[in-house]
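Chemist: I'd like to ask some things about the structure below.
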Amino acid sequence: MASTAVVVATLLFEFGISHAGGTDLAFLEFVPAIVVIAFLEDRRIAAAATLLLAAAGLGARLIIKHQPLADELARAILLVLSGGMIAMLFDRSRQGLRAAMDVKLAAVEAAESRYRRAFERAALGFATASDRGELLGVNKRLGVLLGYGQNDLVGKRLDELVHQDDRALLENSLNALRSQAPWFGSEIRLTRSDGSTLWASVTLSLSASDAIPADSLFVVVDDITERRAAEEALRAQNEWLDLALSAGRLGTWRIEYDKSVIAGSRQFWDILGLSPAASRPLSDLSSIVHPADWGKLASPPGKVRPGANYDVEIRIQRGDGQVRWVALRGREEDQGGRDQRIGIAADLTERRQTTLLRAAVRRQEKLMQEQRHRFSNLFPVITAIVKMLGAPDGDVDKFKATLIDRIRALEATHMLLTNSAGGSTIRDLVGQELGPFLQGGKATITGADIKISGGAAESFAMIIHELTTNSIKHGVLGDPAGAVEVRWDFNSAETGADIVFEWIETGRRRAAPITRQGFGSMVLGVDGTPLVGHSSQFQVREDGFRYSLRMSSKEVQA
């Protein structure tokens, strides 16, 4: 139709020009029409159209314009030759283009065939899906993995195939895919047609970036169930091995209470002095475990709290008569409803002996330090007593007697501190220390007869001695106008109530009472816990000093 319209329009144009007597274009007005027809039609139609146009143009010039035949015939022949050349060139171009297109289409079809065979025969599951997650096409492997027929999966949504606990992860993957990256992968559980699950590595990718078509998602599924199972088994094994290896040469053990058996490594049985075995009845250990410690090992954990710590020390008696201390450290586990304890064992016997020796050495060093400290404080106390005493009426003998009495009282307190082994009362300890100051009214004591024994008595006597010494050196006992009031009592009538002890000085102090350094500060608990009791408090005023301390009745009477 287009070619016919071009021919008709050209002929009408030619006849119109000829009739009007316009400028002769020497048949050139037919060339555009020939080009258009050669482009649209094959060479035969183009050649026929050229002959028709040449004949029509020749007739118009001879009949209407009465042009000479020879001149116009030559021009018509030239138009026919040119039109034929144009038709041939367009035909050759069309054939070459068609051949190239055929080759291209063949290559595309071959590539598509290869990709389709790869898609269908791949060892991984492949699928295409819409942007809403609806499956449009799947390969055979994906159907086998999920237990469906290949065509049964078409039309299903991805979230229908994902385990319900992992659907949120799939949704996050889809959101990340659309907003962050052209592809996204994650490990999730898929549900088979029979209701079982498999672990799969699922990779989602966009098939287009500029515009999202209906089949915009490409899905790759790899079955990793066996790999996940192996990883989980290896992880559980490594937790057990790491627990043992991190502690050095330690034995590993596991108690299964539902079977009443205990299993352990060779080192574990060596620690117990038993021959190696894969496992033993738990009751076999009752003959070597101390009866007082048997309950720590044999009692079931009760309500299991997975991951809860288990930490005990038991005594065992080997066949050669040696008593050994063994530490069992681990945790509780619930393995498929079975109560278990699992952990490591260490022989603590040598460590305990070393700890006891070190503690004894530390106690001896502390006692020696306290004795040196007490001895160094003795001289300032004697000097203060001498300064406070006068010789009335120049009576030197009376001065000497009074001085000797004070020094003997000080000696008694010193001996009490040195030899206290229990059985004293708080009044005894305070009275012995403040004895030289009670007669002159410089010190008063008020309190119930509360027995204090053992190490608590010695520690409390050291606190009283330190307060007395500090008051003599810096406080009111070094000032003739000062006085000390000491009182104590239970803070309530309830059984086991705390004992509240108070040391109150009234008068002018000569220096700061206590510095936060040295042995004395440690005794009184200036920056921490005192030697005995707790909640020590200090109040320093211009006209005096106050110290208070709380002691548990169980602590001082144990």
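Numbering starts fresh at 1 for the residues of each chain in the structure tokens, the chains themselves are lettered A, B, ... in the order given, and ligands are numbered from 1 as they appear.
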Neighbouring residues of stretch 324-329 of chain A were defined as those with any atom within 8 Å, considering only C-alpha atoms; residues of the same chain fewer than 5 positions away were excluded. Please report them as an MDAnalysis selection string.
Modeler: chainID A and resid 271 309:318 343:349 352
Chemist: Which residues, written as a PyMOL selection string, have at least one atom at most 8 Å from A:Pro306, with only C-alpha atoms counted and residues fewer than 2 positions away on the same chain left out?
Modeler: chain A and resi 304+308+331-334
Chemist: Can you pull out every residue within 9 Å of A:Gly84, counting only C-alpha atoms, but drop anything in the same chain fewer than 4 positions away, and send it as a ChimeraX atom specification?
Modeler: /A:43,46-47,50,79-80,88-89
Chemist: Since we have the selection now, will you write its residues out, keeping N, CA and C atoms, as a tab-separated table (two decimals), in the first residue's frame?
Modeler:
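Result file is out.tsv:
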chain	number	residue	atom	x	y	z
A	43	ARG	N	13.51	-6.30	-5.19
A	43	ARG	CA	14.07	-5.66	-6.38
A	43	ARG	C	13.15	-5.79	-7.59
A	46	ALA	N	10.58	-3.11	-7.27
A	46	ALA	CA	11.25	-1.82	-7.46
A	46	ALA	C	11.58	-1.59	-8.93
A	47	ALA	N	12.02	-2.66	-9.64
A	47	ALA	CA	12.33	-2.52	-11.07
A	47	ALA	C	11.07	-2.23	-11.88
A	50	THR	N	10.07	1.27	-11.43
A	50	THR	CA	10.97	2.17	-12.18
A	50	THR	C	10.55	2.25	-13.65
A	79	LEU	N	17.09	6.80	-16.46
A	79	LEU	CA	16.31	6.62	-15.22
A	79	LEU	C	16.11	5.13	-14.93
A	80	VAL	N	15.84	4.33	-15.99
A	80	VAL	CA	15.64	2.90	-15.78
A	80	VAL	C	16.91	2.25	-15.24
A	88	MET	N	18.92	-2.94	-7.02
A	88	MET	CA	19.88	-4.01	-6.77
A	88	MET	C	20.66	-3.76	-5.47
A	89	LEU	N	21.09	-2.48	-5.28
A	89	LEU	CA	21.85	-2.18	-4.06
A	89	LEU	C	21.02	-2.42	-2.80
Chemist: Taking into account only C-alpha atoms, which residue in the set A:Met462, A:Ile499, A:Val202, A:Leu272 is nearest to A:Phe218?
Modeler: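 Of A:Met462, A:Ile499, A:Val202, A:Leu272, the one nearest A:Phe218 is A:Val202, counting only C-alpha atoms.
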Chemist: Could you give me, as a tab-separated table, every stretch 279-362 of chain A residue with an atom at most 7 Å from stretch 250-267 of chain A, plus its closest atom pair and distance in Å to one decimal, counting only C-alpha atoms, rows ordered by chain then number?
Modeler:
residue	atom	partner	partner_atom	distance
A:Ser279	CA	A:Ala263	CA	4.1
A:Arg280	CA	A:Ile262	CA	5.5
A:Pro281	CA	A:Val261	CA	4.4
A:Leu282	CA	A:Val261	CA	4.8
A:Pro300	CA	A:Tyr257	CA	6.2
A:Arg338	CA	A:Asp258	CA	6.3
A:Asp339	CA	A:Tyr257	CA	5.8
A:Gln340	CA	A:Glu256	CA	4.8
A:Arg341	CA	A:Ile255	CA	5.2
A:Ile342	CA	A:Arg254	CA	4.3
A:Gly343	CA	A:Trp253	CA	5.6
A:Ile344	CA	A:Thr252	CA	4.4
A:Ala345	CA	A:Gly251	CA	5.0
A:Ala346	CA	A:Leu250	CA	5.5
Chemist: Please identify the strand (DSSP E) residues within stretch 140-243 of chain A (assignment by DSSP from backbone atoms) and present them as a list in words.
Modeler: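 Here is the list: Trp183, Phe184, Gly185, Ser186, Glu187, Ile188, Arg189, Leu190, Thr191, Thr197, Leu198, Trp199, Ala200, Ser201, Val202, Thr203, Leu204, Ser205, Leu206, Leu217, Phe218, Val219, Val220, Val221, Asp222 and Asp223 of chain A.
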Chemist: Produce a file of the selected residues containing C-alpha atoms, as a PDB file, in the first residue's frame.
Modeler:
ATOM      1  CA  TRP A 183      22.055  -9.869  45.166  1.00  0.00           C
ATOM      2  CA  PHE A 184      21.814 -11.227  48.690  1.00  0.00           C
ATOM      3  CA  GLY A 185      22.467 -14.658  50.224  1.00  0.00           C
ATOM      4  CA  SER A 186      21.595 -16.304  53.528  1.00  0.00           C
ATOM      5  CA  GLU A 187      21.347 -19.728  55.122  1.00  0.00           C
ATOM      6  CA  ILE A 188      17.755 -20.660  55.984  1.00  0.00           C
ATOM      7  CA  ARG A 189      15.614 -23.733  56.509  1.00  0.00           C
ATOM      8  CA  LEU A 190      13.214 -24.872  53.776  1.00  0.00           C
ATOM      9  CA  THR A 191      10.204 -27.117  54.292  1.00  0.00           C
ATOM     10  CA  THR A 197      13.201 -29.472  56.815  1.00  0.00           C
ATOM     11  CA  LEU A 198      16.517 -28.974  55.079  1.00  0.00           C
ATOM     12  CA  TRP A 199      19.190 -26.324  55.503  1.00  0.00           C
ATOM     13  CA  ALA A 200      19.861 -24.447  52.282  1.00  0.00           C
ATOM     14  CA  SER A 201      22.032 -21.599  51.113  1.00  0.00           C
ATOM     15  CA  VAL A 202      19.599 -19.361  49.232  1.00  0.00           C
ATOM     16  CA  THR A 203      20.884 -16.606  46.947  1.00  0.00           C
ATOM     17  CA  LEU A 204      18.483 -14.037  45.532  1.00  0.00           C
ATOM     18  CA  SER A 205      19.476 -11.726  42.675  1.00  0.00           C
ATOM     19  CA  LEU A 206      17.766  -9.127  40.532  1.00  0.00           C
ATOM     20  CA  LEU A 217      14.120 -12.429  40.809  1.00  0.00           C
ATOM     21  CA  PHE A 218      16.535 -15.260  40.186  1.00  0.00           C
ATOM     22  CA  VAL A 219      16.785 -17.832  42.992  1.00  0.00           C
ATOM     23  CA  VAL A 220      19.675 -20.275  43.595  1.00  0.00           C
ATOM     24  CA  VAL A 221      19.242 -23.013  46.233  1.00  0.00           C
ATOM     25  CA  ASP A 222      22.107 -25.214  47.529  1.00  0.00           C
ATOM     26  CA  ASP A 223      21.415 -28.065  49.999  1.00  0.00           C
TER      27      ASP A 223
END
Chemist: Please, which residues of stretch 419-471 of chain A, numbered as in this document, come out helix (DSSP H, G or I) from DSSP, as an MDAnalysis selection string?
Modeler: chainID A and resid 419 426:438 454:471
Chemist: Can you pull out the residues contacting A:Ile464? Cut-off 9 Å, using only C-alpha atoms, and skip same-chain residues under 2 positions away; I want them as a list in words.
Modeler: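 So, after excluding close chain neighbours, the residues are Leu429, Val430, Glu433, Leu434, Ser459, Phe460, Ala461, Met462, Glu466, Leu467, Thr468 and Thr469 of chain A.
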Chemist: Please identify all polymer residues within 10 Å of A:Ser535, counting only C-alpha atoms, omitting same-chain residues fewer than 3 positions from it, and present them as a list in words.
Modeler: Val500, Gly525, Gly528, Thr529, Pro530, Ser548, Leu549, Arg550 and Met551 of chain A
Chemist: Residues near A:Ala127, anyone? I mean within 12 Å using only C-alpha atoms, not counting same-chain ones fewer than 5 positions away, as number ranges by chain.
Modeler: A: 116, 119-120, 122, 133-143, 150-151, 153-158, 202-205, 207, 215-222
Chemist: Just give me the gap between atom CA of A:Glu485 and atom CA of A:Ala401 in Å, one decimal is fine.
Modeler: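 Taking atom CA of A:Glu485 as the start and atom CA of A:Ala401 as the end point, the length is 26.4 Å.
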